[in-house]
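Novice: Take a look at protein_18.cif, mmCIF, C-alpha atoms and all ligand atoms:
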```
data_entry
loop_
_atom_site.label_atom_id
_atom_site.label_comp_id
_atom_site.auth_asym_id
_atom_site.auth_seq_id
_atom_site.Cartn_x
_atom_site.Cartn_y
_atom_site.Cartn_z
CA MET A 1335 312.01 189.22 271.68
CA GLU A 1336 314.29 191.31 273.87
CA THR A 1337 312.62 194.34 275.44
CA HIS A 1338 314.06 197.48 277.04
CA PHE A 1339 311.31 199.00 279.17
CA THR A 1340 312.54 200.92 282.21
CA LYS A 1341 311.35 200.09 285.74
CA ASP A 1342 309.28 203.26 285.71
CA GLN A 1343 307.63 202.37 282.42
CA LEU A 1344 306.72 198.95 283.81
CA LYS A 1345 304.75 200.57 286.64
CA ASN A 1346 302.14 201.26 284.01
CA LYS A 1347 299.82 198.22 283.77
CA ASP A 1348 299.50 198.37 279.98
CA ASN A 1349 303.26 198.57 279.44
CA LYS A 1350 303.68 195.67 281.84
CA SER A 1351 301.22 193.49 279.93
CA SER A 1352 302.61 194.51 276.53
CA GLU A 1353 306.14 193.70 277.67
CA LYS A 1354 305.05 190.16 278.52
CA ILE A 1355 303.38 189.80 275.12
CA LEU A 1356 306.41 191.16 273.24
CA ARG A 1357 308.77 188.79 275.05
CA LYS A 1358 306.83 185.84 273.68
CA CYS A 1359 307.45 186.82 270.05
CA VAL A 1360 310.35 184.95 268.44
CA HIS A 1361 310.29 186.93 265.15
CA CYS A 1362 309.56 183.76 263.15
CA GLY A 1363 307.13 185.55 260.82
CA PHE A 1364 304.78 182.54 260.49
CA CYS A 1365 301.95 184.99 261.21
CA ASN A 1366 302.68 186.94 258.01
CA ALA A 1367 301.59 183.94 255.94
CA THR A 1368 297.99 184.21 257.16
CA CYS A 1369 297.69 187.98 257.51
CA PRO A 1370 295.24 189.36 254.93
CA THR A 1371 296.91 192.78 254.68
CA TYR A 1372 300.42 191.32 254.32
CA LEU A 1373 299.17 188.95 251.61
CA LEU A 1374 297.54 191.83 249.72
CA LEU A 1375 300.16 194.55 250.16
CA GLY A 1376 303.36 192.52 250.58
CA ASP A 1377 304.95 195.07 252.93
CA GLU A 1378 306.53 193.75 256.17
CA LEU A 1379 305.01 196.71 258.02
CA ASP A 1380 301.55 195.63 256.86
CA GLY A 1381 301.96 192.26 258.55
CA PRO A 1382 301.75 191.35 262.26
CA ARG A 1383 305.49 191.04 262.84
CA GLY A 1384 306.15 194.49 261.37
CA ARG A 1385 303.30 196.01 263.37
CA ILE A 1386 304.61 194.39 266.54
CA TYR A 1387 307.97 196.14 265.96
CA LEU A 1388 306.24 199.47 265.31
CA ILE A 1389 304.24 199.21 268.55
CA LYS A 1390 307.30 198.06 270.53
CA ASP A 1391 309.29 201.03 269.28
CA MET A 1392 306.55 203.54 270.24
CA LEU A 1393 305.97 202.08 273.69
CA GLU A 1394 309.56 201.40 274.71
CA ASN A 1395 310.90 204.72 273.52
CA ASN A 1396 307.91 206.77 274.67
CA LYS A 1397 307.60 207.87 271.09
CA PRO A 1398 304.55 209.70 269.82
CA ALA A 1399 302.95 208.00 266.82
CA ASN A 1400 303.70 209.46 263.40
CA GLU A 1401 302.03 209.32 260.00
CA LYS A 1402 303.93 206.21 258.89
CA ILE A 1403 303.14 204.20 262.04
CA VAL A 1404 299.50 205.24 261.95
CA LYS A 1405 299.17 204.21 258.30
CA HIS A 1406 300.32 200.64 258.98
CA ILE A 1407 298.47 200.20 262.28
CA ASP A 1408 295.26 201.60 260.79
CA ARG A 1409 295.51 199.05 258.01
CA CYS A 1410 295.32 196.19 260.52
CA LEU A 1411 291.86 194.59 260.44
CA SER A 1412 292.05 193.25 264.01
CA CYS A 1413 291.00 189.95 262.46
CA TYR A 1414 293.41 188.01 264.76
CA SER A 1415 294.26 185.46 262.07
CA CYS A 1416 297.88 186.00 263.19
CA MET A 1417 296.97 184.80 266.71
CA THR A 1418 295.61 181.52 265.38
CA THR A 1419 298.84 180.97 263.44
CA CYS A 1420 301.39 182.11 266.02
CA PRO A 1421 303.19 179.12 267.56
CA SER A 1422 304.38 181.17 270.56
CA GLY A 1423 300.99 182.35 271.80
CA VAL A 1424 301.58 186.07 271.21
CA ASN A 1425 298.43 187.96 272.21
CA TYR A 1426 298.42 190.39 269.30
CA MET A 1427 294.88 191.54 270.18
CA HIS A 1428 295.94 193.08 273.48
CA LEU A 1429 299.07 194.56 271.94
CA ILE A 1430 297.30 196.28 269.05
CA ASP A 1431 294.63 197.61 271.45
CA HIS A 1432 297.43 199.20 273.47
CA GLY A 1433 299.05 200.51 270.28
CA ARG A 1434 295.79 202.08 269.12
CA ASN A 1435 295.23 203.80 272.47
CA HIS A 1436 298.79 205.16 272.30
CA ILE A 1437 298.14 206.53 268.80
CA GLU A 1438 294.92 208.18 269.92
CA LYS A 1439 296.77 209.88 272.81
CA THR A 1440 299.91 210.98 270.94
CA TYR A 1441 298.96 211.64 267.33
CA LYS A 1442 296.82 214.39 265.88
CA ARG A 1443 295.11 213.01 262.83
CA PRO A 1444 294.27 215.27 259.86
CA PHE A 1445 291.01 217.18 260.35
CA SER A 1446 288.97 215.10 257.88
CA ASP A 1447 290.10 211.84 259.56
CA ARG A 1448 289.18 213.14 262.99
CA LEU A 1449 285.80 214.25 261.71
CA ILE A 1450 285.00 210.87 260.15
CA ARG A 1451 286.22 208.85 263.15
CA ASN A 1452 284.30 211.03 265.61
CA PHE A 1453 281.22 210.79 263.43
CA LEU A 1454 281.46 206.97 263.36
CA SER A 1455 282.06 206.85 267.08
CA VAL A 1456 278.94 208.89 267.87
CA THR A 1457 276.72 207.37 265.19
CA LEU A 1458 277.41 203.66 265.29
CA SER A 1459 277.67 203.11 269.02
CA LYS A 1460 274.12 204.31 269.77
CA SER A 1461 271.24 202.64 267.99
CA ILE A 1462 269.04 205.74 268.14
CA ASN A 1463 271.76 207.92 266.54
CA PHE A 1464 272.41 205.28 263.91
CA ARG A 1465 268.72 205.01 263.05
CA ILE A 1466 268.34 208.79 262.65
CA ILE A 1467 271.49 209.15 260.52
CA ALA A 1468 270.60 206.10 258.41
CA ILE A 1469 267.14 207.53 257.68
CA LEU A 1470 268.55 210.97 256.82
CA THR A 1471 271.15 209.38 254.54
CA GLN A 1472 268.37 208.05 252.32
CA PHE A 1473 267.69 211.62 251.22
CA ILE A 1474 271.29 212.44 250.33
CA LYS A 1475 272.07 209.09 248.65
CA PRO A 1476 271.09 210.31 245.15
CA PHE A 1477 273.53 213.23 245.52
CA SER A 1478 276.41 211.25 247.03
CA PHE A 1479 278.60 211.88 243.93
CA PHE A 1480 279.09 215.45 245.25
CA PHE A 1481 280.88 214.13 248.36
CA PRO A 1482 284.57 213.25 248.87
CA ARG A 1483 285.43 209.58 248.16
CA LYS A 1484 285.50 208.42 251.77
CA LEU A 1485 282.12 209.97 252.55
CA LYS A 1486 280.68 208.58 249.33
CA GLU A 1487 281.75 205.08 250.41
CA MET A 1488 280.23 205.55 253.84
CA ILE A 1489 276.94 206.67 252.32
CA LYS A 1490 277.02 203.62 250.02
CA HIS A 1491 277.27 201.32 253.06
CA MET A 1492 274.32 202.88 254.87
CA PRO A 1493 271.26 200.60 254.92
CA THR A 1494 268.47 201.24 252.43
CA ARG A 1495 265.80 199.30 254.24
CA PHE A 1496 264.83 198.85 257.85
CA PRO A 1497 262.97 195.58 258.37
CA LYS A 1498 259.94 195.79 260.66
CA LYS A 1499 260.17 194.17 264.06
CA THR A 1500 257.80 191.27 264.60
CA LEU A 1501 258.32 190.85 268.36
CA PRO A 1502 257.11 193.53 270.80
CA LYS A 1503 259.82 195.45 272.66
CA LYS A 1504 260.11 193.96 276.17
CA GLN A 1505 262.70 193.58 278.87
CA ILE A 1506 261.75 190.02 279.69
CA TYR A 1507 260.75 187.37 277.16
CA PRO A 1508 259.44 184.46 279.23
CA SER A 1509 260.04 180.79 278.54
CA GLN A 1510 257.29 179.14 276.51
CA LYS A 1511 257.59 175.89 278.41
CA LYS A 1512 255.89 175.21 281.72
CA LYS A 1513 259.25 174.81 283.38
CA THR A 1514 261.85 177.55 282.86
CA VAL A 1515 265.18 175.77 282.58
CA ALA A 1516 267.48 178.79 282.37
CA ARG A 1517 267.59 182.58 282.37
CA VAL A 1518 269.94 184.47 280.05
CA ALA A 1519 270.63 188.10 279.10
CA LEU A 1520 270.83 188.96 275.41
CA LEU A 1521 273.05 191.67 273.96
CA THR A 1522 270.86 193.04 271.17
CA GLY A 1523 273.61 195.29 269.75
CA CYS A 1524 273.67 198.86 268.48
CA VAL A 1525 273.66 198.49 264.68
CA GLN A 1526 272.25 194.97 264.46
CA LYS A 1527 268.90 195.74 266.06
CA VAL A 1528 268.31 198.58 263.59
CA ILE A 1529 269.25 196.85 260.33
CA SER A 1530 268.55 193.19 261.10
CA PRO A 1531 266.07 192.86 264.00
CA GLN A 1532 265.19 189.37 262.74
CA ILE A 1533 268.47 188.03 264.20
CA ASN A 1534 267.56 188.98 267.78
CA GLU A 1535 263.98 187.82 267.21
CA ALA A 1536 265.13 184.39 265.99
CA THR A 1537 267.42 184.13 269.03
CA ILE A 1538 264.64 185.04 271.48
CA ARG A 1539 262.04 182.75 269.85
CA LEU A 1540 264.46 179.84 269.76
CA LEU A 1541 265.51 180.21 273.39
CA ASN A 1542 261.97 180.78 274.66
CA ARG A 1543 260.71 177.72 272.78
CA HIS A 1544 263.35 175.62 274.54
CA GLY A 1545 262.35 176.79 278.03
CA ILE A 1546 264.80 179.69 278.44
CA GLU A 1547 263.81 183.13 279.69
CA VAL A 1548 265.55 186.00 277.87
CA VAL A 1549 266.33 189.36 279.51
CA VAL A 1550 267.08 192.43 277.39
CA SER A 1551 268.45 194.77 280.03
CA LYS A 1552 267.46 198.44 279.83
CA GLY A 1553 270.45 200.72 279.31
CA ILE A 1554 272.58 198.25 277.37
CA ASP A 1555 273.02 199.15 273.73
CA CYS A 1556 276.58 198.83 272.39
CA CYS A 1557 279.21 196.42 273.75
CA GLY A 1558 281.84 199.17 273.41
CA SER A 1559 283.96 197.54 270.71
CA LEU A 1560 283.44 200.21 268.07
CA ASN A 1561 285.10 202.86 270.22
CA HIS A 1562 287.59 200.33 271.60
CA HIS A 1563 288.89 199.57 268.09
CA LEU A 1564 288.92 203.26 267.17
CA GLY A 1565 291.35 203.71 270.10
CA LYS A 1566 288.81 205.87 271.97
CA SER A 1567 289.46 204.25 275.32
CA ASP A 1568 287.55 206.77 277.48
CA LEU A 1569 284.33 206.36 275.52
CA ALA A 1570 284.78 202.59 275.33
CA ASN A 1571 285.49 202.31 279.07
CA HIS A 1572 282.37 204.33 279.87
CA THR A 1573 280.28 201.78 277.92
CA PHE A 1574 282.13 198.79 279.39
CA LYS A 1575 281.59 200.02 282.96
CA LYS A 1576 277.90 200.70 282.40
CA ASN A 1577 277.34 197.25 280.88
CA ILE A 1578 279.27 195.49 283.64
CA SER A 1579 277.30 197.27 286.34
CA ILE A 1580 273.86 196.59 284.76
CA TRP A 1581 274.51 192.91 284.02
CA TYR A 1582 276.22 192.24 287.34
CA ASP A 1583 273.24 193.73 289.21
CA GLU A 1584 270.89 191.53 287.18
CA TYR A 1585 273.07 188.51 287.92
CA LEU A 1586 273.03 189.21 291.66
CA LYS A 1587 269.36 190.18 291.98
CA ASN A 1588 267.56 187.81 289.61
CA GLY A 1589 270.20 185.33 288.46
CA LEU A 1590 271.70 184.89 285.00
CA ASP A 1591 272.96 181.62 283.59
CA ALA A 1592 274.65 183.29 280.63
CA ILE A 1593 275.01 186.48 278.63
CA ILE A 1594 274.29 185.67 275.01
CA SER A 1595 275.98 187.40 272.11
CA ASN A 1596 274.77 186.69 268.59
CA THR A 1597 277.38 188.93 266.97
CA SER A 1598 280.81 187.41 267.28
CA GLY A 1599 282.60 190.78 267.10
CA CYS A 1600 280.75 191.93 270.23
CA GLY A 1601 281.16 188.55 271.94
CA THR A 1602 284.94 188.75 271.54
CA THR A 1603 284.98 192.10 273.36
CA LEU A 1604 282.61 190.96 276.14
CA LYS A 1605 284.86 187.98 276.75
CA ASP A 1606 287.75 190.43 277.12
CA TYR A 1607 286.12 192.68 279.79
CA GLY A 1608 287.93 190.64 282.47
CA TYR A 1609 291.32 191.44 280.92
CA ILE A 1610 290.49 195.10 280.27
CA PHE A 1611 289.68 195.68 283.96
CA ARG A 1612 292.35 193.31 285.30
CA SER A 1613 293.93 196.03 287.47
CA ASP A 1614 290.77 197.84 288.54
CA ASP A 1615 290.14 196.92 292.17
CA ASP A 1616 286.46 197.92 292.04
CA LEU A 1617 285.60 196.25 288.79
CA LYS A 1618 287.92 193.32 288.16
CA LYS A 1619 285.78 190.70 289.89
CA LYS A 1620 282.59 191.89 288.22
CA ALA A 1621 284.22 192.23 284.79
CA ARG A 1622 285.67 188.73 285.05
CA LYS A 1623 282.21 187.37 285.89
CA ILE A 1624 280.65 189.09 282.87
CA SER A 1625 283.32 187.60 280.62
CA GLU A 1626 282.81 184.15 282.13
CA LEU A 1627 279.05 184.38 281.60
CA THR A 1628 279.38 185.45 277.95
CA LYS A 1629 278.64 182.81 275.34
CA ASP A 1630 278.17 183.02 271.63
CA ILE A 1631 274.66 181.79 270.81
CA SER A 1632 276.07 178.74 268.96
CA GLU A 1633 278.26 177.87 271.92
CA TYR A 1634 275.36 178.24 274.36
CA LEU A 1635 273.03 176.09 272.25
CA ASP A 1636 275.67 173.41 271.83
CA GLU A 1637 276.53 173.21 275.53
CA ASN A 1638 273.14 173.72 277.15
CA VAL A 1639 270.15 173.12 274.90
CA LYS A 1640 268.65 169.93 273.54
CA LEU A 1641 267.37 171.31 270.25
CA ASN A 1642 264.15 169.86 268.85
CA PHE A 1643 264.88 169.75 265.13
CA ILE A 1644 261.94 169.41 262.73
CA LYS A 1645 262.20 168.01 259.20
CA ASN A 1646 261.75 170.59 256.44
CA LYS A 1647 258.80 169.19 254.45
CA GLU A 1648 259.22 171.79 251.70
CA ASN A 1649 262.71 170.57 250.82
CA ASP A 1650 263.61 166.97 251.66
CA LYS A 1651 266.90 167.10 249.77
CA GLY A 1652 268.30 169.89 251.90
CA TYR A 1653 270.09 173.04 250.87
CA LYS A 1654 273.71 173.61 249.93
CA ILE A 1655 275.00 176.16 252.43
CA ALA A 1656 278.34 177.99 252.53
CA TYR A 1657 279.57 178.69 256.06
CA HIS A 1658 281.60 181.89 256.40
CA SER A 1659 283.57 181.74 259.62
CA ALA A 1660 283.74 185.32 260.94
CA CYS A 1661 287.25 186.27 262.11
CA SER A 1662 285.98 187.29 265.53
CA MET A 1663 284.35 183.85 265.81
CA GLN A 1664 287.19 181.61 264.59
CA HIS A 1665 290.22 183.68 265.62
CA GLY A 1666 288.77 185.90 268.37
CA GLN A 1667 286.70 183.26 270.19
CA LYS A 1668 288.22 180.10 268.69
CA ILE A 1669 284.78 178.82 267.72
CA HIS A 1670 284.66 177.13 264.35
CA ASP A 1671 283.16 173.63 264.28
CA ILE A 1672 280.25 174.29 266.65
CA PRO A 1673 278.08 176.37 264.27
CA ILE A 1674 278.86 173.99 261.37
CA ASN A 1675 277.83 170.95 263.41
CA LEU A 1676 274.63 172.66 264.53
CA ILE A 1677 273.68 173.40 260.92
CA LYS A 1678 274.50 169.83 259.89
CA LYS A 1679 271.89 168.67 262.40
CA THR A 1680 269.24 170.45 260.29
CA GLY A 1681 269.90 167.90 257.51
CA ASN A 1682 271.45 170.43 255.12
CA GLN A 1683 274.90 170.27 253.51
CA VAL A 1684 277.40 172.78 254.89
CA PHE A 1685 280.67 173.72 253.22
CA ASN A 1686 283.57 175.77 254.55
CA VAL A 1687 284.51 178.68 252.29
CA PRO A 1688 287.98 178.07 250.75
CA ASP A 1689 290.66 180.28 252.33
CA GLY A 1690 288.13 180.74 255.11
CA HIS A 1691 290.77 181.97 257.55
CA LEU A 1692 290.99 185.26 255.64
CA CYS A 1693 288.81 188.24 256.51
CA CYS A 1694 285.94 189.45 254.27
CA GLY A 1695 287.01 193.05 254.88
CA SER A 1696 284.16 194.05 257.19
CA ALA A 1697 286.05 194.28 260.51
CA GLY A 1698 283.85 196.79 262.37
CA THR A 1699 284.39 200.19 260.77
CA TYR A 1700 287.26 198.96 258.56
CA ASN A 1701 285.21 198.79 255.36
CA LEU A 1702 284.30 202.44 255.92
CA LEU A 1703 287.81 203.67 256.79
CA GLN A 1704 289.99 201.45 254.54
CA ASN A 1705 287.69 200.98 251.63
CA GLU A 1706 290.23 199.89 248.99
CA ILE A 1707 291.69 197.02 251.03
CA ALA A 1708 288.22 196.02 252.27
CA SER A 1709 286.86 195.92 248.71
CA GLN A 1710 289.69 193.68 247.53
CA LEU A 1711 289.17 191.32 250.47
CA LEU A 1712 285.45 191.22 249.72
CA LYS A 1713 286.14 190.40 246.06
CA ASN A 1714 288.39 187.49 247.10
CA LYS A 1715 285.81 186.26 249.61
CA ILE A 1716 282.99 186.29 247.06
CA SER A 1717 285.10 184.46 244.50
CA ASN A 1718 285.84 181.76 247.11
CA ILE A 1719 282.17 181.51 248.09
CA GLU A 1720 281.20 181.13 244.43
CA LYS A 1721 283.49 178.09 244.13
CA ILE A 1722 281.01 176.27 246.39
CA ASN A 1723 278.00 177.44 244.38
CA PRO A 1724 275.78 177.52 247.48
CA GLN A 1725 272.06 178.26 247.61
CA PHE A 1726 272.72 180.52 250.53
CA ILE A 1727 275.48 181.65 252.89
CA THR A 1728 275.50 181.74 256.66
CA THR A 1729 277.68 183.29 259.34
CA GLY A 1730 277.46 184.52 262.94
CA ASN A 1731 278.37 188.19 262.67
CA ILE A 1732 276.26 191.11 261.43
CA GLY A 1733 279.28 193.01 260.03
CA CYS A 1734 280.17 190.06 257.75
CA ILE A 1735 276.52 189.64 256.72
CA LYS A 1736 276.33 193.23 255.54
CA GLN A 1737 279.76 193.23 253.91
CA ILE A 1738 279.20 189.98 251.97
CA ALA A 1739 275.69 191.07 250.94
CA ASN A 1740 277.32 194.08 249.24
CA GLY A 1741 279.23 191.75 246.93
CA THR A 1742 276.80 189.04 245.91
CA GLU A 1743 273.17 188.25 245.13
CA ILE A 1744 273.43 184.91 246.98
CA PRO A 1745 271.25 185.28 250.10
CA ILE A 1746 273.11 185.45 253.43
CA LEU A 1747 271.65 184.97 256.87
CA HIS A 1748 272.69 184.48 260.48
CA THR A 1749 273.20 180.88 261.64
CA VAL A 1750 270.66 181.35 264.45
CA GLU A 1751 267.96 182.08 261.85
CA ILE A 1752 268.55 178.63 260.34
CA ILE A 1753 268.42 176.88 263.73
CA ASP A 1754 265.26 178.79 264.66
CA TRP A 1755 263.63 177.84 261.36
CA TYR A 1756 264.48 174.14 261.72
CA THR A 1757 263.20 173.99 265.29
CA GLY A 1758 259.76 175.43 264.61
CA GLY A 1759 260.37 179.12 263.80
CA PRO A 1760 259.33 180.83 260.54
CA LYS A 1761 261.29 180.48 257.31
CA PRO A 1762 263.64 183.49 257.04
CA GLN A 1763 262.22 186.17 254.71
CA ILE A 1764 265.43 186.35 252.69
CA LEU A 1765 264.94 182.71 251.61
CA LYS A 1766 261.32 183.10 250.54
CA ASN A 1767 262.13 182.30 246.88
CA LEU A 1768 264.12 179.13 247.68
S1 LIG B 1 294.99 191.18 263.14
FE1 LIG B 1 294.71 190.46 261.01
S2 LIG B 1 295.31 192.21 259.72
FE2 LIG B 1 296.08 192.61 261.79
S3 LIG B 1 298.16 191.87 261.78
FE3 LIG B 1 296.90 190.17 262.56
S4 LIG B 1 296.37 188.97 260.74
FE4 LIG B 1 297.13 190.94 260.01
S1 LIG B 2 304.17 184.06 264.52
FE1 LIG B 2 304.12 184.77 266.64
S2 LIG B 2 306.24 184.55 267.35
FE2 LIG B 2 306.30 184.46 265.11
S3 LIG B 2 306.65 186.61 264.47
FE3 LIG B 2 304.45 186.29 264.45
S4 LIG B 2 303.80 186.97 266.48
FE4 LIG B 2 306.03 186.66 266.61
#
```
Could I get this file's structure written as structure tokens?
Specialist:
Amino acid sequence: METHFTKDQLKNKDNKSSEKILRKCVHCGFCNATCPTYLLLGDELDGPRGRIYLIKDMLENNKPANEKIVKHIDRCLSCYSCMTTCPSGVNYMHLIDHGRNHIEKTYKRPFSDRLIRNFLSVTLSKSINFRIIAILTQFIKPFSFFFPRKLKEMIKHMPTRFPKKTLPKKQIYPSQKKKTVARVALLTGCVQKVISPQINEATIRLLNRHGIEVVVSKGIDCCGSLNHHLGKSDLANHTFKKNISIWYDEYLKNGLDAIISNTSGCGTTLKDYGYIFRSDDDLKKKARKISELTKDISEYLDENVKLNFIKNKENDKGYKIAYHSACSMQHGQKIHDIPINLIKKTGNQVFNVPDGHLCCGSAGTYNLLQNEIASQLLKNKISNIEKINPQFITTGNIGCIKQIANGTEIPILHTVEIIDWYTGGPKPQILKNL
């Protein structure tokens, strides 16, 4: 694609990177064929190619965003299905991040939008805030019909139960083997640790049992992606910098073999820290190291751990499991077969969900901000899952777990819970009746 940035504009590092990305696009439109919003809405501007043109126009012409541009960019899920399809290697992720930051700087959203987005930014990115708001929401849930539609939807998505933790809160969970073979940091996440603490507990138990010490560093809560995807770059950068500094110190002082993410949405962002700080002289080396150290739990287990699988005596025949490949896992991190192969080693049958490249509609805060599109995507996902008729569903991302659980009675759990169970951990609570 031809671009027309001026020399002055190209002094800006983001313009410079976006120009390179834009020049790779050959307008072929292959990406539209796998874009969930284009497939649903059928509008060129709701597909990647159209959005690329909108962003190009804003950046090149120093144009402030307007209502029309914001509508189509906001409808993008950041699922990155278009990046998997693109034959020219266009990095749409970095381009849309730049576009969103530009919108945040140049467009004044209507008051109600600003209120909701600020509320989400403050609430979801801090586990303590989220816990307080989630508890308070229980009291207003019965009266939610009084609220405007968007708020009503948000209230509907708030958790109704908060499972009890079974592991004590510690900063270091030592290896359970005589010899410690590795030392890793675990990102426990902002929302995940409140609504599904069992995922972190399964991860810690599993790693400890296999001789790995797990560090949960004080001061690290959110990975920063919630604010990053809302276009709130200052808030996101504050979190990124804090995380980089804490983990890098830990790496230097006590050694870290990896930083483990068990939520693929967060893992995708951690792996991008190096790019985000590519021009920051103080941070670029540290940020790159943090990205290099980051591994999804499935990736880490596959590459580094000899798992001791145990036969399930309760069920010799094995279960029929549907594997939902989270977008951030398959498109963001390009991890697809690894979790499936790990589950196969448990002796169960695993099936890919038909049309599995399409998003379930969760996408961070998307199901709260774009409820109609998200609901349609969820409906399609559930209908595809039902074609498999599984006994349960598994995936590697908390957002997908919660979204899919809103649409079906079929139990859904994190892949690490299955691996933990089949290597000596407890049977997940959600499967107690199976
Ligand atoms: S990130 Fe997803 S929703 Fe956005 S343009 Fe690409 S495929 Fe479409
Ligand atoms: S598939 Fe790639 S090159 Fe083709 S229009 Fe989409 S982004 Fe551009």
Novice: Which residue gives the smallest distance to ligand LIG 1 (chain B) among A:Ile1672, A:Ala1516, A:Ile1655, A:Cys1410, with only C-alpha atoms and all ligand atoms counted?
Specialist: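 Looking only at the distances to ligand LIG 1 (chain B), the closest residue turns out to be A:Cys1410.
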Novice: Per residue of chain A within 9 Å of ligand LIG 2 (chain B), record the nearest atom pair and its distance in Å to one decimal, counting all atoms listed in the file, with rows in chain order and ascending residue number, as CSV.
Specialist:
```
residue,atom,partner,partner_atom,distance
A:Met1335,CA,B:LIG2,FE4,8.2
A:Leu1356,CA,B:LIG2,FE4,8.0
A:Lys1358,CA,B:LIG2,S2,6.5
A:Cys1359,CA,B:LIG2,FE4,3.7
A:Val1360,CA,B:LIG2,S2,4.3
A:His1361,CA,B:LIG2,S3,3.7
A:Cys1362,CA,B:LIG2,FE2,3.9
A:Gly1363,CA,B:LIG2,S3,3.8
A:Phe1364,CA,B:LIG2,S1,4.4
A:Cys1365,CA,B:LIG2,S1,4.1
A:Asn1366,CA,B:LIG2,FE3,6.7
A:Ala1367,CA,B:LIG2,S1,9.0
A:Gly1381,CA,B:LIG2,FE3,8.8
A:Pro1382,CA,B:LIG2,FE3,6.1
A:Arg1383,CA,B:LIG2,S3,4.9
A:Gly1384,CA,B:LIG2,S3,8.5
A:Ile1386,CA,B:LIG2,S4,7.5
A:Cys1416,CA,B:LIG2,FE3,6.7
A:Met1417,CA,B:LIG2,FE1,7.2
A:Thr1418,CA,B:LIG2,S1,9.0
A:Thr1419,CA,B:LIG2,S1,6.3
A:Cys1420,CA,B:LIG2,S1,3.7
A:Pro1421,CA,B:LIG2,FE1,5.8
A:Ser1422,CA,B:LIG2,S2,5.0
A:Gly1423,CA,B:LIG2,FE1,6.5
A:Val1424,CA,B:LIG2,S4,5.3
A:Asn1425,CA,B:LIG2,S4,7.9
A:Tyr1426,CA,B:LIG2,S4,7.0
```
Novice: Taking the point (271.7, 189.6, 287.5) as given in the file, collect each protein or nucleic acid residue that comes within 12 Å of it, counting all atoms listed in the file, and present the set as a PyMOL selection string.
Specialist: chain A and resi 1517-1519+1548-1551+1577-1593+1620+1623-1624+1627
Novice: Any idea what the distance is between CA of Ser1459 in chain A and CA of Gly1690 in chain A?
Specialist: 28.3 Å
Novice: So, with only C-alpha atoms and all ligand atoms as the atoms that count, which of A:Val1684, A:Leu1765, A:Leu1560, A:Met1427 lies closest to ligand LIG 1 (chain B)?
Specialist: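 Looking at the shortest contact to ligand LIG 1 (chain B), the residue is A:Met1427.
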Novice: Point out the residue among A:Ser1662, A:Thr1494, A:Ser1632, A:Gln1725 with the least atom-to-atom distance to Glu1751 in chain A, counting all atoms listed in the file.
Specialist: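 Among the listed residues, the smallest separation from Glu1751 in chain A belongs to A:Ser1632.
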Novice: Between CA of Lys1442 in chain A and CA of Arg1483 in chain A, what distance in Å does the model show, to one decimal?
Specialist: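 Computing the Euclidean distance for CA of Lys1442 in chain A and CA of Arg1483 in chain A yields 21.6 Å.
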Novice: Just want the 12 Å neighbourhood of Phe1479 in chain A, counted on only C-alpha atoms, with same-chain residues fewer than 6 positions away dropped. Output as number ranges by chain.
Specialist: A: 1485-1490
Novice: Applying 12 Å and all atoms listed in the file, which residues near Lys1397 in chain A remain after dropping the ones on its own chain fewer than 6 positions away? List them as a VMD selection string.
Specialist: chain A and resid 1388 to 1391 1403 1433 1436 to 1437 1439 to 1441
Novice: For C-alpha atoms, I'd like the residues from the last selection saved as a compact mmCIF listing (two decimals), keeping the file's coordinate frame.
Specialist:
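Full text of result06.txt as output:
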```txt
# COMPACT_ATOMS: atom_id res chain seq x y z
CA LEU A 1388 306.24 199.47 265.31
CA ILE A 1389 304.24 199.21 268.55
CA LYS A 1390 307.30 198.06 270.53
CA ASP A 1391 309.29 201.03 269.28
CA ILE A 1403 303.14 204.20 262.04
CA GLY A 1433 299.05 200.51 270.28
CA HIS A 1436 298.79 205.16 272.30
CA ILE A 1437 298.14 206.53 268.80
CA LYS A 1439 296.77 209.88 272.81
CA THR A 1440 299.91 210.98 270.94
CA TYR A 1441 298.96 211.64 267.33
```
Novice: For Ile1469 in chain A, work out the shell of residues within 12 Å, counting only C-alpha atoms and skipping chain neighbours fewer than 4 positions away, then give it as a ChimeraX atom specification.
Specialist: /A:1462-1465,1473-1475,1489,1492-1496,1528-1529
Novice: If I take CA of Asn1561 in chain A and CA of Thr1749 in chain A, how far is one from the other in Å, to one decimal?
Specialist: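 Answer for the CA of Asn1561 in chain A to CA of Thr1749 in chain A separation: 26.4 Å.
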Novice: Nearest to Ala1536 in chain A among A:His1562, A:His1665, A:Lys1499, A:His1406, with distances taken over only C-alpha atoms: which residue is it?
Specialist: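 Distance minimum relative to Ala1536 in chain A lands on A:Lys1499.
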Novice: Restricting the calculation to only C-alpha atoms and all ligand atoms, which member of A:Ser1415, A:Ser1509, A:Asn1349, A:Asn1452 is positioned closest to ligand LIG 1 (chain B)?
Specialist: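 Closest to ligand LIG 1 (chain B), using only C-alpha atoms and all ligand atoms: A:Ser1415.
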Novice: From the list A:Asp1650, A:Asp1408, A:Asp1342, A:Asp1568, which residue is nearest ligand LIG 1 (chain B) when using only C-alpha atoms and all ligand atoms?
Specialist: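 The closest residue to ligand LIG 1 (chain B) is A:Asp1408.
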Novice: May I have the residues at most 12 Å from (271.6, 168.7, 263.9) in the file's coordinates, counting all atoms listed in the file, as a VMD selection string?
Specialist: chain A and resid 1635 to 1636 1639 to 1645 1672 to 1684 1752 to 1754 1756 to 1757
Novice: Can you tell me, as an MDAnalysis selection string, what residues are no more than 9 Å from Gly1558 in chain A when counting all atoms listed in the file, ignoring any on the same chain fewer than 2 positions away?
Specialist: chainID A and resid 1459 1555:1556 1560:1563 1569:1574 1577 1600 1603:1604
